[in-house]
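Q: After the C-alpha cells below, expect a handful of questions from me.
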Amino acid sequence: MSEPTGTTPPAADPATPPVTPPPSTPPAATDGTDYKALAAQAQADAERWKAMSRKHEERAKANADAAAGARTVEQQLEDMRKVIADRDVADVARNGRMAMTTVQAQLAGQGFSPDDVAGLLEQIDPVRLLKDGEPDDGAIKKLVESLIKVGGRSTPDRDQGQRGGNGPMDMNALIRRRAGVGK
C-alpha cells in the first residue's frame with residue numbers, strides 16, 4: 001500500500017454522512033412494482049377525495065342554511081306563541097268584563113241600581129265568574145242570588161200580575177172620560 005506523495009486524504013468526519021449524487025434515473029424496481037400505475041392510482045384517489053370534499057362542503061352549506069332557516073322558524077313559532085298568549089289574556093279580560101256586565105244587568109232586573117252594588121262588584125274578581133274562559137252562568141246566578149240576599153230585597157214574583165195603580169181603561173171608561181163624567 002503505497003501512499004501517494006504530497007497529499008493526504010482528509011479524515012472522515014463521523015458527524016456528516018458522505019454526500020452521494022442523485023441518480024439520473026430512478027432505480028429499477030426489483031420487486032416488480034409498477035410505480036407509474038401507483039402514481040396514477042394516487043392521482044385518481046386524490047381527485048375522488050377532492051370531489052367528495054366539494055360535495056360535503058356543499059352539503060354543509062345547505063345544512064347551515066337550513067339551520068339558519070330553522071332558527072328563523074323557531075323564532076316565528078315563539079313569536080306566535082307570545083301573540084296567542086297575549087290574545088288569550090285579552091280574551092279572559094274581555095269575557096270577565098262581559099260576566100260582570102251580566103251580573104249588573106241581572107241585579108238591575110232585581111231592582112238594584114248600579115250605585116247600590118258598585119263597591120261590592122269592584123271587590124269581585126271577574127275571572128272567578130268564568131269557566132273555560134267563557135262566562136259561567138251558574139257562577140253568575142249564584143253571585144246574583146247572594147248579592148240579593150245581602151241587599152235585603154226580595155225577589156219580585158213576576159207571576160202575580162200588576163198591583164195597584166190604574167189598570168187599562170175599557171171603552172166605557174174612555175167614553176166617560178171624554179164626556180167629563182167621572183174620573
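Letters A, B, ... mark the chains of the C-alpha cells in the order given; residue numbers begin at 1 per chain; ligand numbers begin at 1, in order shown.
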Select from segment 22-111 of chain A everything DSSP, run on the backbone, classes as alpha helix (DSSP H), then give the selection as a PyMOL selection string.

A: chain A and resi 35-109

Q: Identify which of the residues A:Leu147, A:Lys55, A:Gln75, A:Gly133 lies closest to Arg87 of chain A, counting only C-alpha atoms when measuring atom-to-atom distances.

A: A:Gly133

Q: So how many Å separate atom CA of Arg94 of chain A and atom CA of Leu130 of chain A, to one decimal?

A: 10.8 Å

Q: Can you work out which one of A:Ala46, A:Val103, A:Val92, A:Leu143 has the shortest atom-to-atom distance to Val127 of chain A, counting only C-alpha atoms?

A: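 Among the listed residues, A:Val92 lies closest to Val127 of chain A.
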
Q: Atom CA of Ala68 of chain A and atom CA of Ser53 of chain A, how far apart in Å?

A: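 If I compute the distance from atom CA of Ser53 of chain A to atom CA of Ala68 of chain A, I get 22.3 Å.
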
Q: Just list as a list in words whatever in segment 64-178 of chain A DSSP marks as strand (DSSP E).

A: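 Residues of segment 64-178 of chain A classed as strand (DSSP E): Leu130, Lys131, Glu134 and Pro135 of chain A.
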
Q: Quick one: residues within 10 Å of Leu107 of chain A, only C-alpha atoms counted, chain neighbours fewer than 6 positions away excluded, as a PyMOL selection string?

A: chain A and resi 101+113-114+116-117+143-145+147-148

Q: Store the residues of this selection in a file with N, CA and C atoms, as an mmCIF file, in the first residue's frame.

A:
```cif
data_model
loop_
_atom_site.group_PDB
_atom_site.id
_atom_site.type_symbol
_atom_site.label_atom_id
_atom_site.label_comp_id
_atom_site.auth_asym_id
_atom_site.auth_seq_id
_atom_site.Cartn_x
_atom_site.Cartn_y
_atom_site.Cartn_z
ATOM 1 N N THR A 101 -120.812 42.548 33.502
ATOM 2 C CA THR A 101 -121.939 43.274 32.908
ATOM 3 C C THR A 101 -123.217 42.454 33.051
ATOM 4 N N SER A 113 -129.787 49.513 41.761
ATOM 5 C CA SER A 113 -129.177 50.480 40.851
ATOM 6 C C SER A 113 -127.676 50.203 40.818
ATOM 7 N N PRO A 114 -126.993 50.646 39.786
ATOM 8 C CA PRO A 114 -125.542 50.413 39.717
ATOM 9 C C PRO A 114 -124.793 51.002 40.901
ATOM 10 N N ASP A 116 -125.862 51.072 43.976
ATOM 11 C CA ASP A 116 -126.083 50.237 45.157
ATOM 12 C C ASP A 116 -125.010 49.160 45.301
ATOM 13 N N VAL A 117 -124.532 48.627 44.193
ATOM 14 C CA VAL A 117 -123.622 47.479 44.254
ATOM 15 C C VAL A 117 -122.239 47.771 43.687
ATOM 16 N N LEU A 143 -123.769 34.284 42.317
ATOM 17 C CA LEU A 143 -123.337 35.586 42.809
ATOM 18 C C LEU A 143 -124.511 36.550 42.915
ATOM 19 N N VAL A 144 -125.360 36.580 41.901
ATOM 20 C CA VAL A 144 -126.506 37.490 41.914
ATOM 21 C C VAL A 144 -127.437 37.144 43.064
ATOM 22 N N GLU A 145 -127.704 35.865 43.263
ATOM 23 C CA GLU A 145 -128.579 35.459 44.370
ATOM 24 C C GLU A 145 -127.981 35.847 45.711
ATOM 25 N N LEU A 147 -125.887 38.354 46.305
ATOM 26 C CA LEU A 147 -125.967 39.798 46.457
ATOM 27 C C LEU A 147 -127.391 40.253 46.765
ATOM 28 N N ILE A 148 -128.376 39.585 46.207
ATOM 29 C CA ILE A 148 -129.770 39.933 46.504
ATOM 30 C C ILE A 148 -130.075 39.650 47.965
#
```
